[in-house]
$ cat structure-v5.cif   # mmCIF, C-alpha atoms
data_protein
loop_
_atom_site.label_atom_id
_atom_site.label_comp_id
_atom_site.auth_asym_id
_atom_site.auth_seq_id
_atom_site.Cartn_x
_atom_site.Cartn_y
_atom_site.Cartn_z
CA LYS A 1 -18.62 27.89 -7.77
CA SER A 2 -19.83 24.34 -8.32
CA LEU A 3 -20.39 21.66 -10.94
CA LYS A 4 -22.62 18.60 -10.86
CA LEU A 5 -22.65 15.89 -13.53
CA ASP A 6 -25.48 13.38 -13.13
CA PRO A 7 -24.77 10.94 -14.59
CA PHE A 8 -20.99 11.11 -15.03
CA MET A 9 -20.16 8.24 -17.43
CA ILE A 10 -16.76 7.59 -18.98
CA GLY A 11 -15.20 4.18 -19.54
CA ARG A 12 -16.19 1.97 -16.62
CA THR A 13 -17.27 4.95 -14.50
CA ASP A 14 -21.02 5.35 -13.95
CA ALA A 15 -21.68 7.72 -11.05
CA THR A 16 -22.60 11.23 -9.98
CA LEU A 17 -19.79 13.78 -9.77
CA PHE A 18 -20.01 16.95 -7.67
CA VAL A 19 -17.20 19.52 -7.51
CA ALA A 20 -17.34 22.78 -5.54
CA HIS A 21 -15.34 25.35 -3.58
CA ASP A 22 -15.51 24.98 0.19
CA LYS A 23 -17.93 27.59 1.51
CA GLU A 24 -15.60 28.50 4.38
CA ASP A 25 -12.32 28.35 2.43
CA GLU A 26 -12.46 28.80 -1.34
CA ASP A 27 -8.88 27.55 -1.71
CA VAL A 28 -10.16 24.07 -0.77
CA LEU A 29 -11.74 22.02 -3.56
CA LEU A 30 -14.48 19.53 -2.61
CA ILE A 31 -14.94 16.47 -4.84
CA GLU A 32 -17.73 13.95 -4.24
CA ILE A 33 -18.42 10.83 -6.30
CA TYR A 34 -21.18 8.36 -5.55
CA GLY A 35 -23.12 5.76 -7.53
CA LYS A 36 -22.49 2.44 -9.24
CA THR A 37 -18.87 2.45 -10.37
CA LEU A 38 -15.74 4.62 -10.36
CA ASP A 39 -12.62 3.80 -12.39
CA VAL A 40 -9.38 5.40 -11.10
CA GLY A 41 -7.11 2.85 -12.81
CA GLY A 42 -5.93 5.34 -15.43
CA LEU A 43 -5.31 8.23 -13.04
CA ARG A 44 -1.71 9.07 -12.22
CA GLY A 45 0.02 11.85 -10.33
CA GLY A 46 1.43 14.87 -12.10
CA LYS A 47 5.02 13.71 -11.45
CA ASP A 48 5.91 17.14 -10.12
CA ALA A 49 9.70 16.96 -9.71
CA ASP A 50 9.75 20.33 -7.92
CA HIS A 51 7.20 19.12 -5.35
CA THR A 52 4.98 22.16 -5.81
CA PRO A 53 2.52 22.28 -2.89
CA PRO A 54 -0.79 20.85 -4.16
CA ARG A 55 -4.08 22.66 -3.86
CA PRO A 56 -5.94 21.52 -0.71
CA LYS A 57 -8.66 19.02 -1.59
CA GLU A 58 -11.30 16.91 0.09
CA PHE A 59 -12.45 13.74 -1.68
CA ARG A 60 -15.50 11.68 -0.73
CA ILE A 61 -16.62 8.50 -2.49
CA LYS A 62 -19.32 5.90 -2.09
CA VAL A 63 -19.63 3.45 -4.97
CA ASP A 64 -20.63 -0.16 -5.48
CA LYS A 65 -17.34 -0.87 -7.26
CA LEU A 66 -14.07 1.06 -7.23
CA PHE A 67 -11.84 -0.03 -10.13
CA THR A 68 -8.16 0.59 -9.34
CA SER A 69 -6.57 -1.14 -12.37
CA PRO A 70 -7.64 -3.35 -15.28
CA THR A 71 -8.00 -6.24 -12.79
CA GLY A 72 -8.14 -4.51 -9.39
CA VAL A 73 -11.44 -3.72 -7.70
CA ILE A 74 -12.78 -2.81 -4.26
CA ALA A 75 -16.47 -3.56 -3.79
CA ASN A 76 -18.78 -1.49 -1.57
CA ALA A 77 -16.10 1.19 -1.40
CA GLN A 78 -16.70 4.22 0.75
CA GLY A 79 -14.43 6.74 2.39
CA PHE A 80 -12.79 10.12 2.24
CA ALA A 81 -9.37 11.73 1.89
CA ILE A 82 -8.33 15.24 2.94
CA ARG A 83 -5.10 16.75 1.62
CA ASN A 84 -3.46 20.03 2.55
CA GLU A 85 -0.25 21.58 1.24
CA ALA A 86 1.87 19.41 3.54
CA GLY A 87 0.28 16.09 2.55
CA TRP A 88 -2.60 13.79 3.42
CA ASN A 89 -4.24 15.00 6.62
CA ALA A 90 -6.87 12.26 6.96
CA ILE A 91 -7.80 9.12 5.01
CA GLU A 92 -10.44 6.45 5.37
CA LEU A 93 -11.33 3.70 2.91
CA HIS A 94 -13.44 0.65 3.63
CA GLY A 95 -14.64 -2.08 1.33
CA LEU A 96 -14.09 -5.59 -0.01
CA ALA A 97 -10.72 -6.05 -1.71
CA ASP A 98 -10.95 -8.07 -4.93
CA GLY A 99 -14.71 -8.12 -4.33
CA ASP A 100 -14.84 -10.39 -1.27
CA GLN A 101 -12.10 -9.65 1.29
CA LYS A 102 -12.73 -7.07 4.04
CA PHE A 103 -10.28 -4.19 3.72
CA ASP A 104 -9.82 -1.15 5.97
CA ILE A 105 -7.39 1.76 5.86
CA ALA A 106 -7.56 4.74 8.18
CA GLN A 107 -5.40 7.73 9.00
CA LYS A 108 -6.85 9.85 11.79
CA PRO A 109 -5.75 12.78 14.00
CA LEU A 110 -4.50 11.66 17.43
CA ASN A 111 -3.09 13.86 20.22
CA GLY A 112 -1.89 16.48 17.78
CA GLY A 113 -0.34 13.88 15.51
CA ARG A 114 -1.82 11.17 13.32
CA GLN A 115 -2.43 7.44 13.53
CA LEU A 116 -2.31 5.11 10.51
CA SER A 117 -3.71 1.59 10.31
CA LEU A 118 -4.24 -0.81 7.42
CA ASN A 119 -5.58 -4.31 7.98
CA CYS A 120 -6.60 -7.16 5.70
CA ASP A 121 -6.72 -10.91 6.31
CA ASN A 122 -5.51 -11.56 2.76
CA PHE A 123 -2.42 -9.59 1.72
CA GLY A 124 -2.63 -10.81 -1.88
CA LYS A 125 -6.21 -9.66 -2.32
CA ALA A 126 -5.39 -6.30 -0.74
CA LEU A 127 -2.60 -5.74 -3.28
CA LYS A 128 -4.81 -6.83 -6.17
CA GLY A 129 -7.78 -4.80 -4.95
CA LEU A 130 -5.62 -1.67 -4.75
CA GLY A 131 -4.32 -2.32 -8.26
CA LEU A 132 -0.72 -2.76 -7.11
CA SER A 133 -0.01 -6.41 -7.95
CA ASP A 134 -1.72 -9.70 -8.72
CA SER A 135 1.37 -11.87 -8.14
CA VAL A 136 0.85 -12.45 -4.40
CA THR A 137 -1.55 -14.87 -2.71
CA GLY A 138 -2.49 -15.28 0.92
CA GLY A 139 -1.02 -13.59 3.96
CA LYS A 140 -2.36 -11.50 6.83
CA LEU A 141 -1.48 -7.81 6.61
CA TYR A 142 -1.05 -5.39 9.51
CA ILE A 143 0.32 -1.86 9.11
CA ASN A 144 0.34 0.52 12.06
CA GLY A 145 2.03 3.88 12.52
CA ARG A 146 1.88 7.17 14.39
CA SER A 147 3.24 10.70 14.21
CA THR A 148 3.82 13.23 16.97
CA ALA A 149 2.40 16.69 17.49
CA GLY A 150 5.81 18.15 16.67
CA THR A 151 5.98 16.43 13.25
CA PRO A 152 2.36 15.48 12.43
CA ASN A 153 3.10 14.68 8.77
CA ALA A 154 5.91 12.20 9.54
CA ILE A 155 4.30 8.84 10.33
CA GLU A 156 6.57 6.06 11.57
CA GLY A 157 5.40 2.51 12.09
CA THR A 158 5.72 -1.18 11.39
CA VAL A 159 4.62 -3.64 8.71
CA LYS A 160 3.78 -7.27 9.50
CA ILE A 161 2.75 -9.87 6.91
CA SER A 162 2.52 -13.60 7.54
CA ASN A 163 2.31 -16.71 5.32
CA PHE A 164 2.17 -15.40 1.76
CA GLU A 165 3.36 -16.65 -1.61
CA VAL A 166 4.89 -14.66 -4.47
CA HIS A 167 4.45 -15.78 -8.09
CA ASP A 168 6.20 -14.78 -11.34
CA LEU A 169 9.49 -14.11 -9.56
CA PRO A 170 12.53 -12.47 -11.19
CA VAL A 171 15.05 -14.90 -12.67
CA LEU A 172 17.68 -14.21 -9.98
CA VAL A 173 15.37 -15.16 -7.13
CA GLN A 174 14.25 -18.27 -9.02
CA LEU A 175 17.87 -19.36 -9.44
CA LEU A 176 18.61 -18.81 -5.75
CA ASN A 177 15.45 -20.68 -4.92
CA ALA A 178 16.62 -23.64 -6.99
CA THR A 179 19.84 -23.90 -4.96
CA SER A 180 17.86 -24.60 -1.81
CA PRO A 181 16.96 -28.20 -0.92
CA PHE A 182 13.55 -26.84 0.05
CA GLY A 183 13.05 -24.91 -3.16
CA PHE A 184 12.76 -27.46 -5.99
CA ILE A 185 8.99 -27.81 -5.66
CA ASN A 186 8.54 -24.04 -5.63
CA ILE A 187 10.73 -23.52 -8.68
CA LEU A 188 8.47 -25.83 -10.66
CA LYS A 189 5.52 -23.64 -9.63
CA ASN A 190 7.45 -20.42 -10.44
CA SER A 191 6.78 -19.16 -6.91
CA THR A 192 8.28 -18.82 -3.46
CA ALA A 193 6.52 -18.96 -0.11
CA PHE A 194 7.41 -16.65 2.78
CA ASP A 195 6.59 -17.35 6.41
CA ARG A 196 6.73 -13.71 7.40
CA LEU A 197 7.72 -10.18 6.48
CA ARG A 198 8.58 -7.62 9.15
CA GLY A 199 10.00 -4.13 9.11
CA GLY A 200 9.56 -0.43 9.69
CA PHE A 201 8.70 2.62 7.60
CA ARG A 202 8.58 6.40 7.72
CA TRP A 203 6.02 8.23 5.56
CA GLU A 204 6.16 12.00 5.18
CA GLY A 205 4.44 13.77 2.30
CA ASP A 206 5.46 11.99 -0.89
CA ALA A 207 8.54 10.34 0.66
CA LEU A 208 8.31 6.74 1.89
CA GLU A 209 11.34 5.28 3.66
CA LEU A 210 11.61 1.52 4.25
CA LYS A 211 13.65 0.47 7.28
CA ASP A 212 15.10 -3.01 7.82
CA ILE A 213 12.41 -4.89 5.90
CA GLN A 214 13.04 -8.62 6.41
CA ALA A 215 11.25 -11.48 4.65
CA SER A 216 12.00 -15.12 5.28
CA GLY A 217 10.82 -18.46 3.94
CA SER A 218 12.08 -22.03 3.72
CA ALA A 219 13.98 -21.28 0.49
CA VAL A 220 14.90 -17.60 0.38
CA GLY A 221 15.37 -14.71 2.79
CA MET A 222 15.56 -11.01 1.91
CA ASN A 223 16.56 -7.78 3.65
CA VAL A 224 15.60 -4.42 2.11
CA ASP A 225 16.14 -0.76 2.97
CA GLY A 226 15.62 2.34 0.88
CA LYS A 227 13.39 5.19 -0.21
CA VAL A 228 10.45 5.64 -2.59
CA ASP A 229 9.32 9.00 -3.98
CA ILE A 230 5.57 8.53 -4.36
CA ASN A 231 5.31 11.74 -6.41
CA THR A 232 7.89 10.98 -9.11
CA GLY A 233 8.01 7.20 -8.83
CA VAL A 234 11.79 7.22 -8.25
CA THR A 235 12.78 4.22 -6.12
CA LYS A 236 16.15 3.53 -4.50
CA LEU A 237 16.36 0.24 -2.62
CA ASN A 238 19.27 -1.88 -1.45
CA GLY A 239 19.61 -5.14 0.43
CA THR A 240 20.44 -8.81 0.19
CA VAL A 241 18.83 -11.99 -1.09
CA VAL A 242 19.87 -15.05 0.92
CA PRO A 243 19.33 -18.66 -0.22
CA PHE A 244 19.10 -21.57 2.23
CA SER A 245 17.06 -19.43 4.60
CA ALA A 246 15.87 -22.36 6.70
CA VAL A 247 19.36 -23.90 6.93
CA ASN A 248 20.85 -20.55 7.93
CA ASN A 249 18.28 -20.19 10.68
CA ILE A 250 19.21 -23.59 12.10
CA LEU A 251 22.97 -23.05 11.88
CA GLY A 252 22.67 -19.49 13.14
CA SER A 253 21.21 -20.73 16.40
CA ILE A 254 24.48 -22.51 17.27
CA PRO A 255 26.55 -20.23 19.55
CA LEU A 256 29.80 -18.91 18.01
CA ILE A 257 30.01 -21.60 15.32
CA GLY A 258 26.69 -20.53 13.85
CA ASP A 259 27.90 -16.96 13.33
CA MET A 260 30.94 -18.16 11.38
CA LEU A 261 29.03 -20.65 9.23
CA THR A 262 26.22 -18.26 8.26
#
$ encode --input "structure-v5.cif" --output "structure tokens"
Amino acid sequence: KSLKLDPFMIGRTDATLFVAHDKEDEDVLLIEIYGKTLDVGGLRGGKDADHTPPRPKEFRIKVDKLFTSPTGVIANAQGFAIRNEAGWNAIELHGLADGDQKFDIAQKPLNGGRQLSLNCDNFGKALKGLGLSDSVTGGKLYINGRSTAGTPNAIEGTVKISNFEVHDLPVLVQLLNATSPFGFINILKNSTAFDRLRGGFRWEGDALELKDIQASGSAVGMNVDGKVDINTGVTKLNGTVVPFSAVNNILGSIPLIGDMLT
């Protein structure tokens, strides 16, 4: 019926683990972890190609440090996540991304549907704290979305990121960056700065669809659309990479002639 390990110590994890069946619904598995540290950096999904409905679970954590990768960490992490057969029903996680940047993510029921919000004043630290990437610095991150009562698991919303810099770029983007009169300094730093990123998304279950994602900077602009299967990791994206982003913006503002030149 239940299991408690106190302490539960493995690798960088040093906490108390409690696992039990829900008293009201034994199909639901309750998992609580609290204490000093929890390392989830090595955990990966089962890569279930058939998308077998998962067992309903309810996770609750409260730890001084949540390790998400070899370098990613969220300090003072606390929150919960509830998953049913259709997907994540509710999520909350609060803490300090990369140890010092306030980070909040919440998905809550609203009018029969759900509301999603993710905010952090440093996009780069949010990515690093979540263990996703350490090649981005700066940027303010805002993600907001909602679903309806008719399709509560399909959340649609927008992504907004401002003033961030990407390091260790692929060779193609570096070459395009070098062709821009604004890009020579960046190419020496092996990085490119973006003024903004805007776009939409649709998240349902393990399927994430990106819609008209646009990023622009003084040297390079990008447009991206496509789909990501969170369960299997299969990603299919398409779009364009445009050099001379700043020049195009100037020329594009000229009626008629601008359209032909750009």
$ atom_distance --input "structure-v5.cif" --atom1 "atom CA of A:Phe18" --atom2 "atom CA of A:Lys128"
28.3 Å
$ residues_around --input "structure-v5.cif" --residues "stretch 100-114 of chain A" --least-positions-apart "3" --cutoff "8 Å" --atoms "all atoms listed in the file" --output "CSV table (one decimal) with C-alpha atoms, keeping the file's coordinate frame"
chain,number,residue,atom,x,y,z
A,75,ALA,CA,-16.5,-3.6,-3.8
A,89,ASN,CA,-4.2,15.0,6.6
A,90,ALA,CA,-6.9,12.3,7.0
A,91,ILE,CA,-7.8,9.1,5.0
A,92,GLU,CA,-10.4,6.4,5.4
A,93,LEU,CA,-11.3,3.7,2.9
A,94,HIS,CA,-13.4,0.6,3.6
A,95,GLY,CA,-14.6,-2.1,1.3
A,96,LEU,CA,-14.1,-5.6,0.0
A,97,ALA,CA,-10.7,-6.0,-1.7
A,117,SER,CA,-3.7,1.6,10.3
A,118,LEU,CA,-4.2,-0.8,7.4
A,119,ASN,CA,-5.6,-4.3,8.0
A,120,CYS,CA,-6.6,-7.2,5.7
A,121,ASP,CA,-6.7,-10.9,6.3
A,122,ASN,CA,-5.5,-11.6,2.8
A,125,LYS,CA,-6.2,-9.7,-2.3
A,126,ALA,CA,-5.4,-6.3,-0.7
A,146,ARG,CA,1.9,7.2,14.4
A,147,SER,CA,3.2,10.7,14.2
A,148,THR,CA,3.8,13.2,17.0
A,149,ALA,CA,2.4,16.7,17.5
A,150,GLY,CA,5.8,18.2,16.7
A,151,THR,CA,6.0,16.4,13.2
A,152,PRO,CA,2.4,15.5,12.4
A,153,ASN,CA,3.1,14.7,8.8
A,155,ILE,CA,4.3,8.8,10.3
$ atom_distance --input "structure-v5.cif" --atom1 "atom CA of A:Gly79" --atom2 "atom CA of A:Lys62"
6.7 Å
$ resolve_selection --input "structure-v5.cif" --expression "the PyMOL selection byres ((chain A and resi 65) around 7)" --output "VMD selection string"
chain A and resid 36 to 38 63 to 64 66 to 67 73 to 77
$ resolve_selection --input "structure-v5.cif" --expression "the PyMOL selection byres ((chain A and resi 39) around 10)" --output "ChimeraX atom specification"
/A:10-15,37-38,40-43,65-70,72-73
$ atom_distance --input "structure-v5.cif" --atom1 "atom CA of A:Thr235" --atom2 "atom CA of A:Phe59"
27.3 Å
$ resolve_selection --input "structure-v5.cif" --expression "the PyMOL selection byres ((chain A and resi 159) around 12)" --output "ChimeraX atom specification"
/A:116-119,123,140-145,156-158,160-162,196-202,210-215
$ axis_aligned_box --input "structure-v5.cif" --around "stretch 228-247 of chain A" --padding-each-side "5 Å" --output "AutoDock Vina command-line options"
--center_x 12.9 --center_y -6.1 --center_z -1.1 --size_x 25.1 --size_y 45.6 --size_z 26.0
$ residues_around --input "structure-v5.cif" --residues "A:Glu165" --least-positions-apart "3" --cutoff "6 Å" --atoms "only C-alpha atoms" --output "list of chain:residue names"
A:Val136, A:Thr137, A:Thr192, A:Ala193, A:Phe194
$ closest_residue --input "structure-v5.cif" --among "A:Glu204, A:Asp168, A:Glu209, A:Asp195" --to "A:Gly221" --atoms "all atoms listed in the file"
A:Asp195
$ closest_residue --input "structure-v5.cif" --among "A:Asp225, A:Asp206, A:Asp134, A:Glu58" --to "A:Asp25" --atoms "only C-alpha atoms"
A:Glu58
$ closest_residue --input "structure-v5.cif" --among "A:Leu17, A:Leu208, A:Ile257, A:Val242" --to "A:Lys227" --atoms "all atoms listed in the file"
A:Leu208
